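S.K.: Here's a structure for you.
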Amino acid sequence: MNFNINGETHQLEVDLRTSLLDLLRDHLGLTGSKKGCNQGACGACTVLVEGERINACLALAVQYQDRAIVTVEGLGGEPLHPLQQAFIDHDGFQCGYCTPGQLCSAVAMAEEVRRGLPSFVTADLSSDVMTLDHDELRERMSGNLCRCGAYNGIVDAIAETYAKEPA
Amino acid sequence: MTPFTYARAADAATAVSGAGANAKYLGGGTNLVDLMRETIERPEALVDVTGLAQAIEARADGSLLIGAAVKNTALAEDRTVRRDFPLIARAILAGASGQIRNMATVGGNILQRTRCAYFYDNEGSRCNKRQPGQGCDALDGFNRNHAILGTSHACIATHPSDMCIALVAHDAIVHLEGRAGKRTIPLTDLHRLPEGHPEIETMLEPGELITAIEVPALGFGRRAIYRKVRDRSSYAFALVSVAAALDIEDGRVRDVRLALGGVGTKPWRAWQSEAALRGAPATEVSFRRAAEAELANAKGYRENGFKIELAKRMIVAALQELAA
C-alpha cells in the first residue's frame with residue numbers, strides 16, 4: 001500500500017484491520033496523533049485528509065491510500081504554525097494530550113468557515129459568509145474534547161488566529 | 001476485529017455482484033469500524049462503496065437526487081439543500097462532529113446502528129438485537145437515552161440519526177440495487193419496528209445496496225425547523241428532536257410535516273400529529289392536541305418517562321415558532 005503523509009510517500013504492507021491512527025503511530029512512528037478513546041468520541045486522533053479533518057481512529061488505513069494526509073508533525077516546525085504559537089501564548093492546554101487533535105481540527109475548521117460551511121448554530125444557513133464568533137467556534141470544535149478543561153485558552157488561541165472579531 | 005477481505009467497488013453493479021453472503025458495504029466506517037473493533041460486526045468481506053455516486057442532483061421538478069456516497073458535510077453544505085431543504089442541512093449539522101460528518105456517507109447514516117450501551121456491551125449485557133433471544137438489559141436498566149415509541153418487549157433501542165428525521169419528514173425515497181435488480185422504497189418503510197425480532201432492522205434484502213436518496217420538492221420546505229434537546233449542547237445524540245415544516249393559510253394548517261428523533265425505535269414520522277393538524281386552526285390548542293395524539297401510545301421506562309412530556313412540548317414549541 002502507498003501512503004502520502006506530510007508530503008512523503010510511504011510504501012508498506014499492513015494488516016487490513018489497521019486503522020489510519022495505528023498506521024501513523026505504530027508503523028510510521030508519527031506519534032503526534034493521539035489515541036484517546038479509539039471510538040470517535042474525543043477527537044485526539046484528528047488528522048487532515050486533503051485538508052479535511054477526520055478521526056483517524058475510525059478510519060481503516062486501506063481506505064486512505066494515495067490521499068494527501070497531514071498530521072500535527074506536518075503542520076509546522078521551525079517556525080511553529082501560527083496556531084501552535086497561539087496555543088502556547090494562551091495556555092491552550094494542560095496535559096497536552098488533546099492538543100495535536102485540537103490543532104489539526106482547528107486548521108481545517110477555519111478553512112470550512114472560509115469556504116462558507118454553516119454550523120448548527122448558524123442563524124442563516126443560506127448565507128455566503130460565515131463569521132467565527134464565540135458560539136460558532138465552540139460548536140465547530142465540539143468534536144475535540146479536553147479533559148483538563150483548558151477550553152478557555154483553546155478558544156482564545158483559535159479566535160486570535162482565525163476569528164475576524166474577538167470571540 | 002476478525003479478519004476480512006477488502007475490495008473497492010467502481011460502481012453499484014460491481015459492488016452488488018462482488019458482495020458475498022457475509023460481506024458488508026463500507027462507507028465512511030464511522031459506525032461499522034467501531035462495531036467491528038468490538039466484534040459486534042464480523043464481516044468476512046468489506047466492499048468499499050465510497051467511490052460510488054457522490055453527486056447531489058437538483059432536478060427540474062424541484063426534487064433532489066442524492067448519491068448514497070455523498071458525505072454528510074457535502075450534503076449540509078450544498079447550496080440548494082441549504083436554501084430549499086434547510087431541515088436536512090440543519091439536522092445533519094445537529095449530528096456528530098465536524099470530523100465524523102466529513103467521513104460519514106448518506107447511505108451509511110441511514111444504516112447506522114443504535115448506540116444503546118447494552119447493544120455495545122458485547123461481554124457483559126444481554127441484547128436481543130446482538131444475540132437474538134438473549135433478553136434485553138435496557139428494559140430495566142439505564143434507559144434515559146432509549147425509545148418511547150415503537151418499542152417492544154424485546155427492544156427499546158433508538159435509531160440514532162438526526163439526518164433521517166429530516167429525511168422522513170421530507171418523504172424521502174431510498175433507491176436500492178440488489179441481486180434481483182433495482183427498486184425504491186419510502187424511507188419511512190425502510191426501517192422495521194423491533195417487535196419480536198430487533199435483530200432485523202430494515203427491509204433490505206441480503207446484499208441490497210442503497211444507491212441514492214430521492215427527496216421530493218416541498219413547497220413550504222423553507223418554513224421548517226429542526227430542534228434538538230440533548231444532555232450537552234453539542235456532539236451528543238438527541239434525547240428528543242423535532243423536525244417540523246408548516247404551511248398555514250388563513251390561520252389554518254394547510255399542510256405540515258413532523259418527525260421525531262431520540263424517541264423512536266426507527267426514524268419517527270409523526271403521522272398522528274399531522275392528521276390532527278391538517279385543516280385545524282394554527283393555534284397552541286391545536287398544536288397541543290396534535291402532540292397528544294402522537295404520544296398517546298408512547299411508553300416510558302424507568303428513566304426515560306420524561307421524554308413523553310418533553311416531546312409534546314417540543315412539538316408545540318416548534319409549531320408555534322413556525323406559526324409566528
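Chain labels follow the order of the C-alpha cells: the first chain is A, the next B, and so on; residue numbering restarts at 1 in every chain, and ligands are counted from 1 in their shown order.
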If the cut-off is 10 Å, can you tell me the residues of chain A near chain B, counting only C-alpha atoms? I'd like them as a VMD selection string.

M.R.: chain A and resid 15 to 19 38 to 43 46 to 49 52 to 60 62 to 63 105 108 to 109 112 115 to 122 124 to 128 138 to 144

S.K.: Write out the residues from the selection above, keeping C-alpha atoms, as an mmCIF file, in the first residue's frame.

M.R.:
```cif
data_model
loop_
_atom_site.group_PDB
_atom_site.id
_atom_site.type_symbol
_atom_site.label_atom_id
_atom_site.label_comp_id
_atom_site.auth_asym_id
_atom_site.auth_seq_id
_atom_site.Cartn_x
_atom_site.Cartn_y
_atom_site.Cartn_z
ATOM 1 C CA ASP A 15 -2.938 -5.896 8.042
ATOM 2 C CA LEU A 16 -6.268 -4.781 6.567
ATOM 3 C CA ARG A 17 -7.584 -4.258 10.098
ATOM 4 C CA THR A 18 -5.086 -1.449 10.748
ATOM 5 C CA SER A 19 -6.657 1.922 11.440
ATOM 6 C CA ASN A 38 -10.325 4.954 19.931
ATOM 7 C CA GLN A 39 -14.041 5.160 19.151
ATOM 8 C CA GLY A 40 -14.591 8.588 17.610
ATOM 9 C CA ALA A 41 -15.713 10.365 20.753
ATOM 10 C CA CYS A 42 -12.732 12.569 21.684
ATOM 11 C CA GLY A 43 -11.014 13.892 18.542
ATOM 12 C CA THR A 46 -7.785 14.210 14.260
ATOM 13 C CA VAL A 47 -5.718 14.417 11.071
ATOM 14 C CA LEU A 48 -6.231 16.170 7.739
ATOM 15 C CA VAL A 49 -7.029 14.305 4.535
ATOM 16 C CA GLU A 52 -10.425 17.923 5.628
ATOM 17 C CA ARG A 53 -10.424 16.830 9.253
ATOM 18 C CA ILE A 54 -11.270 13.228 10.113
ATOM 19 C CA ASN A 55 -10.929 10.899 13.092
ATOM 20 C CA ALA A 56 -8.018 8.616 12.228
ATOM 21 C CA CYS A 57 -9.148 6.044 14.808
ATOM 22 C CA LEU A 58 -12.366 5.305 12.877
ATOM 23 C CA ALA A 59 -10.596 5.188 9.520
ATOM 24 C CA LEU A 60 -9.321 1.943 8.045
ATOM 25 C CA VAL A 62 -6.647 0.815 3.437
ATOM 26 C CA GLN A 63 -9.299 3.413 2.522
ATOM 27 C CA SER A 105 -9.143 20.191 13.807
ATOM 28 C CA ALA A 108 -9.489 22.508 8.951
ATOM 29 C CA MET A 109 -12.344 24.200 10.811
ATOM 30 C CA GLU A 112 -14.578 25.300 6.498
ATOM 31 C CA ARG A 115 -15.414 28.418 2.275
ATOM 32 C CA GLY A 116 -18.813 29.155 3.871
ATOM 33 C CA LEU A 117 -19.834 25.854 5.514
ATOM 34 C CA PRO A 118 -22.564 26.634 8.069
ATOM 35 C CA SER A 119 -22.791 25.041 11.519
ATOM 36 C CA PHE A 120 -25.729 24.018 13.684
ATOM 37 C CA VAL A 121 -25.716 27.429 15.393
ATOM 38 C CA THR A 122 -25.535 29.460 12.183
ATOM 39 C CA ASP A 124 -28.924 31.901 8.326
ATOM 40 C CA LEU A 125 -27.985 28.654 6.626
ATOM 41 C CA SER A 126 -28.112 30.231 3.178
ATOM 42 C CA SER A 127 -25.627 32.995 3.966
ATOM 43 C CA ASP A 128 -22.463 33.064 1.861
ATOM 44 C CA ARG A 138 -17.273 26.291 20.287
ATOM 45 C CA GLU A 139 -19.896 24.480 18.213
ATOM 46 C CA ARG A 140 -17.487 23.820 15.361
ATOM 47 C CA MET A 141 -14.797 22.494 17.734
ATOM 48 C CA SER A 142 -17.141 20.261 19.743
ATOM 49 C CA GLY A 143 -15.591 17.119 18.253
ATOM 50 C CA ASN A 144 -12.415 17.748 20.256
#
```

S.K.: Just want the 8 Å neighbourhood of Ala157 in chain B, counted on only C-alpha atoms, with same-chain residues fewer than 4 positions away dropped. Output as a ChimeraX atom specification.

M.R.: /B:114-116,138,146-147,151,264-265

S.K.: Based on the selection just made, write C-alpha atoms of those residues as a PDB file, in the first residue's frame.

M.R.:
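Written output follows (out-v5.pdb):
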```pdb
ATOM      1  CA  THR B 114     -28.243   2.030  17.591  1.00  0.00           C
ATOM      2  CA  ARG B 115     -25.926   3.440  20.243  1.00  0.00           C
ATOM      3  CA  CYS B 116     -27.747   1.502  23.024  1.00  0.00           C
ATOM      4  CA  ALA B 138     -32.123  -1.970  28.677  1.00  0.00           C
ATOM      5  CA  HIS B 146     -33.917   4.863  24.943  1.00  0.00           C
ATOM      6  CA  ALA B 147     -37.105   4.922  22.918  1.00  0.00           C
ATOM      7  CA  THR B 151     -40.781  -0.250  21.455  1.00  0.00           C
ATOM      8  CA  GLY B 264     -38.420   6.116  18.266  1.00  0.00           C
ATOM      9  CA  THR B 265     -37.046   2.669  17.548  1.00  0.00           C
TER      10      THR B 265
END
```

S.K.: For the structure I just gave you, how does DSSP split range 3-218 of chain B - specifically, which residues are strand (DSSP E)? Reply as an mmCIF file with N, CA, C and O atoms, in the first residue's frame.

M.R.:
```cif
data_model
loop_
_atom_site.group_PDB
_atom_site.id
_atom_site.type_symbol
_atom_site.label_atom_id
_atom_site.label_comp_id
_atom_site.auth_asym_id
_atom_site.auth_seq_id
_atom_site.Cartn_x
_atom_site.Cartn_y
_atom_site.Cartn_z
ATOM 1 N N THR B 5 -11.618 -9.529 3.941
ATOM 2 C CA THR B 5 -11.026 -9.096 2.684
ATOM 3 C C THR B 5 -11.569 -7.710 2.364
ATOM 4 O O THR B 5 -12.586 -7.284 2.924
ATOM 5 N N TYR B 6 -10.902 -7.013 1.468
ATOM 6 C CA TYR B 6 -11.300 -5.648 1.131
ATOM 7 C C TYR B 6 -11.266 -5.459 -0.379
ATOM 8 O O TYR B 6 -10.307 -5.861 -1.041
ATOM 9 N N ALA B 7 -12.338 -4.873 -0.898
ATOM 10 C CA ALA B 7 -12.357 -4.533 -2.320
ATOM 11 C C ALA B 7 -13.058 -3.195 -2.499
ATOM 12 O O ALA B 7 -14.023 -2.897 -1.796
ATOM 13 N N ARG B 8 -12.537 -2.414 -3.394
ATOM 14 C CA ARG B 8 -13.121 -1.105 -3.685
ATOM 15 C C ARG B 8 -13.983 -1.239 -4.939
ATOM 16 O O ARG B 8 -13.486 -1.675 -5.987
ATOM 17 N N ALA B 23 -20.597 -10.430 3.466
ATOM 18 C CA ALA B 23 -19.946 -9.159 3.146
ATOM 19 C C ALA B 23 -20.741 -7.997 3.718
ATOM 20 O O ALA B 23 -21.939 -8.106 3.987
ATOM 21 N N LYS B 24 -20.049 -6.888 3.944
ATOM 22 C CA LYS B 24 -20.695 -5.639 4.336
ATOM 23 C C LYS B 24 -20.212 -4.546 3.400
ATOM 24 O O LYS B 24 -19.041 -4.529 3.004
ATOM 25 N N TYR B 25 -21.132 -3.634 3.078
ATOM 26 C CA TYR B 25 -20.711 -2.453 2.337
ATOM 27 C C TYR B 25 -20.087 -1.468 3.321
ATOM 28 O O TYR B 25 -20.616 -1.251 4.412
ATOM 29 N N LEU B 26 -18.975 -0.887 2.916
ATOM 30 C CA LEU B 26 -18.251 0.044 3.777
ATOM 31 C C LEU B 26 -18.350 1.467 3.233
ATOM 32 O O LEU B 26 -17.960 1.733 2.094
ATOM 33 N N ALA B 45 -15.977 -9.922 4.497
ATOM 34 C CA ALA B 45 -15.519 -9.114 3.360
ATOM 35 C C ALA B 45 -16.104 -7.716 3.477
ATOM 36 O O ALA B 45 -17.261 -7.556 3.872
ATOM 37 N N LEU B 46 -15.283 -6.727 3.135
ATOM 38 C CA LEU B 46 -15.773 -5.352 3.056
ATOM 39 C C LEU B 46 -15.729 -4.914 1.601
ATOM 40 O O LEU B 46 -14.709 -5.077 0.920
ATOM 41 N N VAL B 47 -16.844 -4.390 1.136
ATOM 42 C CA VAL B 47 -16.899 -3.822 -0.210
ATOM 43 C C VAL B 47 -17.027 -2.302 -0.035
ATOM 44 O O VAL B 47 -18.047 -1.804 0.430
ATOM 45 N N ASP B 48 -15.949 -1.614 -0.362
ATOM 46 C CA ASP B 48 -15.870 -0.165 -0.153
ATOM 47 C C ASP B 48 -16.699 0.539 -1.233
ATOM 48 O O ASP B 48 -16.395 0.449 -2.422
ATOM 49 N N ILE B 56 -25.001 15.403 -5.978
ATOM 50 C CA ILE B 56 -26.274 15.893 -5.463
ATOM 51 C C ILE B 56 -26.941 16.607 -6.633
ATOM 52 O O ILE B 56 -26.506 17.667 -7.057
ATOM 53 N N GLU B 57 -27.978 15.970 -7.159
ATOM 54 C CA GLU B 57 -28.593 16.488 -8.380
ATOM 55 C C GLU B 57 -29.876 17.242 -8.013
ATOM 56 O O GLU B 57 -30.800 16.658 -7.457
ATOM 57 N N ALA B 58 -29.899 18.543 -8.294
ATOM 58 C CA ALA B 58 -31.115 19.338 -8.115
ATOM 59 C C ALA B 58 -31.893 19.270 -9.422
ATOM 60 O O ALA B 58 -31.447 19.783 -10.445
ATOM 61 N N LEU B 64 -34.604 16.451 -5.239
ATOM 62 C CA LEU B 64 -33.169 16.184 -5.133
ATOM 63 C C LEU B 64 -32.911 14.706 -5.353
ATOM 64 O O LEU B 64 -33.714 13.869 -4.933
ATOM 65 N N LEU B 65 -31.789 14.391 -5.993
ATOM 66 C CA LEU B 65 -31.328 13.010 -6.033
ATOM 67 C C LEU B 65 -29.912 13.003 -5.458
ATOM 68 O O LEU B 65 -28.993 13.578 -6.041
ATOM 69 N N ILE B 66 -29.779 12.372 -4.298
ATOM 70 C CA ILE B 66 -28.534 12.426 -3.537
ATOM 71 C C ILE B 66 -27.845 11.074 -3.629
ATOM 72 O O ILE B 66 -28.404 10.055 -3.203
ATOM 73 N N GLY B 67 -26.651 11.048 -4.170
ATOM 74 C CA GLY B 67 -25.900 9.800 -4.241
ATOM 75 C C GLY B 67 -25.611 9.271 -2.844
ATOM 76 O O GLY B 67 -25.348 10.041 -1.922
ATOM 77 N N ILE B 173 -37.255 9.007 -0.535
ATOM 78 C CA ILE B 173 -37.389 7.683 -1.160
ATOM 79 C C ILE B 173 -35.984 7.108 -1.347
ATOM 80 O O ILE B 173 -35.095 7.780 -1.871
ATOM 81 N N VAL B 174 -35.808 5.870 -0.903
ATOM 82 C CA VAL B 174 -34.498 5.235 -0.966
ATOM 83 C C VAL B 174 -34.397 4.395 -2.238
ATOM 84 O O VAL B 174 -35.278 3.573 -2.513
ATOM 85 N N HIS B 175 -33.339 4.631 -3.001
ATOM 86 C CA HIS B 175 -33.095 3.846 -4.216
ATOM 87 C C HIS B 175 -32.149 2.698 -3.884
ATOM 88 O O HIS B 175 -31.097 2.908 -3.288
ATOM 89 N N LEU B 176 -32.554 1.503 -4.273
ATOM 90 C CA LEU B 176 -31.795 0.299 -3.932
ATOM 91 C C LEU B 176 -31.380 -0.452 -5.179
ATOM 92 O O LEU B 176 -32.065 -0.413 -6.205
ATOM 93 N N GLU B 177 -30.255 -1.145 -5.075
ATOM 94 C CA GLU B 177 -29.857 -2.068 -6.135
ATOM 95 C C GLU B 177 -29.416 -3.359 -5.478
ATOM 96 O O GLU B 177 -28.628 -3.350 -4.532
ATOM 97 N N GLY B 178 -29.982 -4.464 -5.967
ATOM 98 C CA GLY B 178 -29.652 -5.768 -5.394
ATOM 99 C C GLY B 178 -29.487 -6.814 -6.470
ATOM 100 O O GLY B 178 -29.507 -6.506 -7.667
ATOM 101 N N GLY B 181 -32.217 -6.843 -8.929
ATOM 102 C CA GLY B 181 -32.457 -5.641 -9.714
ATOM 103 C C GLY B 181 -32.596 -4.411 -8.843
ATOM 104 O O GLY B 181 -32.201 -4.408 -7.684
ATOM 105 N N LYS B 182 -33.196 -3.374 -9.455
ATOM 106 C CA LYS B 182 -33.334 -2.099 -8.747
ATOM 107 C C LYS B 182 -34.760 -1.920 -8.264
ATOM 108 O O LYS B 182 -35.704 -2.413 -8.881
ATOM 109 N N ARG B 183 -34.924 -1.203 -7.147
ATOM 110 C CA ARG B 183 -36.248 -0.852 -6.671
ATOM 111 C C ARG B 183 -36.123 0.386 -5.789
ATOM 112 O O ARG B 183 -35.010 0.816 -5.463
ATOM 113 N N THR B 184 -37.261 0.952 -5.405
ATOM 114 C CA THR B 184 -37.264 2.065 -4.467
ATOM 115 C C THR B 184 -38.202 1.727 -3.309
ATOM 116 O O THR B 184 -39.113 0.898 -3.448
ATOM 117 N N ILE B 185 -37.951 2.392 -2.171
ATOM 118 C CA ILE B 185 -38.801 2.182 -1.000
ATOM 119 C C ILE B 185 -38.821 3.497 -0.218
ATOM 120 O O ILE B 185 -37.788 4.161 -0.103
ATOM 121 N N PRO B 186 -39.991 3.916 0.281
ATOM 122 C CA PRO B 186 -40.001 5.129 1.106
ATOM 123 C C PRO B 186 -39.136 4.924 2.346
ATOM 124 O O PRO B 186 -39.150 3.833 2.938
ATOM 125 N N LEU B 209 -28.055 -2.821 -1.828
ATOM 126 C CA LEU B 209 -27.221 -1.633 -1.609
ATOM 127 C C LEU B 209 -28.055 -0.368 -1.811
ATOM 128 O O LEU B 209 -28.810 -0.265 -2.780
ATOM 129 N N ILE B 210 -27.927 0.579 -0.881
ATOM 130 C CA ILE B 210 -28.539 1.902 -1.084
ATOM 131 C C ILE B 210 -27.681 2.652 -2.096
ATOM 132 O O ILE B 210 -26.475 2.813 -1.883
ATOM 133 N N THR B 211 -28.289 3.080 -3.191
ATOM 134 C CA THR B 211 -27.516 3.793 -4.221
ATOM 135 C C THR B 211 -27.796 5.294 -4.212
ATOM 136 O O THR B 211 -26.953 6.078 -4.628
ATOM 137 N N ALA B 212 -28.985 5.684 -3.780
ATOM 138 C CA ALA B 212 -29.320 7.114 -3.803
ATOM 139 C C ALA B 212 -30.528 7.379 -2.911
ATOM 140 O O ALA B 212 -31.265 6.455 -2.549
ATOM 141 N N ILE B 213 -30.704 8.649 -2.546
ATOM 142 C CA ILE B 213 -31.872 9.101 -1.800
ATOM 143 C C ILE B 213 -32.542 10.180 -2.624
ATOM 144 O O ILE B 213 -31.896 11.152 -3.027
ATOM 145 N N GLU B 214 -33.817 9.999 -2.859
ATOM 146 C CA GLU B 214 -34.581 10.981 -3.620
ATOM 147 C C GLU B 214 -35.439 11.773 -2.633
ATOM 148 O O GLU B 214 -36.101 11.190 -1.770
ATOM 149 N N VAL B 215 -35.392 13.097 -2.741
ATOM 150 C CA VAL B 215 -36.199 13.937 -1.868
ATOM 151 C C VAL B 215 -37.132 14.768 -2.734
ATOM 152 O O VAL B 215 -36.674 15.635 -3.479
#
```

S.K.: Record the distance separating CA of Asp22 in chain A and CA of Pro43 in chain B, expressed in Å with one decimal.

M.R.: 20.7 Å

S.K.: Within 10 Å of Val316 in chain B, counting only C-alpha atoms, which residues qualify if same-chain residues fewer than 6 places away don't, as a ChimeraX atom specification?

M.R.: /B:242,283-292,310,322

S.K.: For range 69-78 of chain A, please output as a ChimeraX atom specification all residues within 8 Å (counting only C-alpha atoms; exclusion window: fewer than 2 positions along the same chain).

M.R.: /A:4-7,30,32-33,46-51,67,80-81,84,100-101,103-104

S.K.: Keeping only N, CA and C atoms, write the selected residues to a file as an mmCIF file, in the first residue's frame.

M.R.:
```cif
data_model
loop_
_atom_site.group_PDB
_atom_site.id
_atom_site.type_symbol
_atom_site.label_atom_id
_atom_site.label_comp_id
_atom_site.auth_asym_id
_atom_site.auth_seq_id
_atom_site.Cartn_x
_atom_site.Cartn_y
_atom_site.Cartn_z
ATOM 1 N N ASN A 4 0.598 8.754 1.529
ATOM 2 C CA ASN A 4 1.227 10.069 1.378
ATOM 3 C C ASN A 4 1.002 10.861 2.665
ATOM 4 N N ILE A 5 2.010 10.879 3.519
ATOM 5 C CA ILE A 5 1.881 11.521 4.834
ATOM 6 C C ILE A 5 2.833 12.704 4.916
ATOM 7 N N ASN A 6 2.308 13.850 5.202
ATOM 8 C CA ASN A 6 3.122 15.074 5.355
ATOM 9 C C ASN A 6 4.073 15.266 4.170
ATOM 10 N N GLY A 7 3.562 14.983 2.988
ATOM 11 C CA GLY A 7 4.331 15.208 1.770
ATOM 12 C C GLY A 7 5.295 14.097 1.407
ATOM 13 N N LEU A 30 4.852 8.169 13.747
ATOM 14 C CA LEU A 30 4.293 9.521 13.885
ATOM 15 C C LEU A 30 3.321 9.527 15.064
ATOM 16 N N GLY A 32 2.489 11.898 17.070
ATOM 17 C CA GLY A 32 1.804 13.152 17.406
ATOM 18 C C GLY A 32 0.306 12.959 17.506
ATOM 19 N N SER A 33 -0.268 12.248 16.554
ATOM 20 C CA SER A 33 -1.703 11.946 16.599
ATOM 21 C C SER A 33 -1.948 10.996 17.761
ATOM 22 N N THR A 46 -7.420 13.465 15.469
ATOM 23 C CA THR A 46 -7.785 14.210 14.260
ATOM 24 C C THR A 46 -6.576 14.475 13.360
ATOM 25 N N VAL A 47 -6.728 14.108 12.088
ATOM 26 C CA VAL A 47 -5.718 14.417 11.071
ATOM 27 C C VAL A 47 -6.432 15.027 9.870
ATOM 28 N N LEU A 48 -5.661 15.550 8.936
ATOM 29 C CA LEU A 48 -6.231 16.170 7.739
ATOM 30 C C LEU A 48 -6.037 15.260 6.534
ATOM 31 N N VAL A 49 -7.110 15.051 5.787
ATOM 32 C CA VAL A 49 -7.029 14.305 4.535
ATOM 33 C C VAL A 49 -7.457 15.256 3.428
ATOM 34 N N GLU A 50 -6.484 15.598 2.572
ATOM 35 C CA GLU A 50 -6.731 16.615 1.541
ATOM 36 C C GLU A 50 -7.373 17.853 2.166
ATOM 37 N N GLY A 51 -6.889 18.208 3.327
ATOM 38 C CA GLY A 51 -7.322 19.427 4.009
ATOM 39 C C GLY A 51 -8.533 19.279 4.902
ATOM 40 N N ARG A 67 -3.891 9.270 -0.597
ATOM 41 C CA ARG A 67 -4.554 10.541 -0.266
ATOM 42 C C ARG A 67 -3.536 11.397 0.493
ATOM 43 N N LEU A 80 7.085 27.622 14.160
ATOM 44 C CA LEU A 80 5.817 26.993 14.512
ATOM 45 C C LEU A 80 4.700 27.525 13.627
ATOM 46 N N HIS A 81 3.674 26.696 13.434
ATOM 47 C CA HIS A 81 2.439 27.177 12.807
ATOM 48 C C HIS A 81 1.869 28.279 13.710
ATOM 49 N N GLN A 84 -0.084 27.024 16.575
ATOM 50 C CA GLN A 84 0.717 26.405 17.642
ATOM 51 C C GLN A 84 1.262 27.480 18.584
ATOM 52 N N PRO A 100 -2.625 17.949 19.729
ATOM 53 C CA PRO A 100 -2.441 17.694 18.292
ATOM 54 C C PRO A 100 -3.770 17.605 17.546
ATOM 55 N N GLY A 101 -4.752 16.970 18.168
ATOM 56 C CA GLY A 101 -6.073 16.878 17.548
ATOM 57 C C GLY A 101 -6.751 18.228 17.492
ATOM 58 N N LEU A 103 -5.277 21.110 17.259
ATOM 59 C CA LEU A 103 -4.592 21.910 16.240
ATOM 60 C C LEU A 103 -5.059 21.525 14.830
ATOM 61 N N CYS A 104 -5.020 20.237 14.545
ATOM 62 C CA CYS A 104 -5.422 19.789 13.202
ATOM 63 C C CYS A 104 -6.884 20.136 12.953
#
```
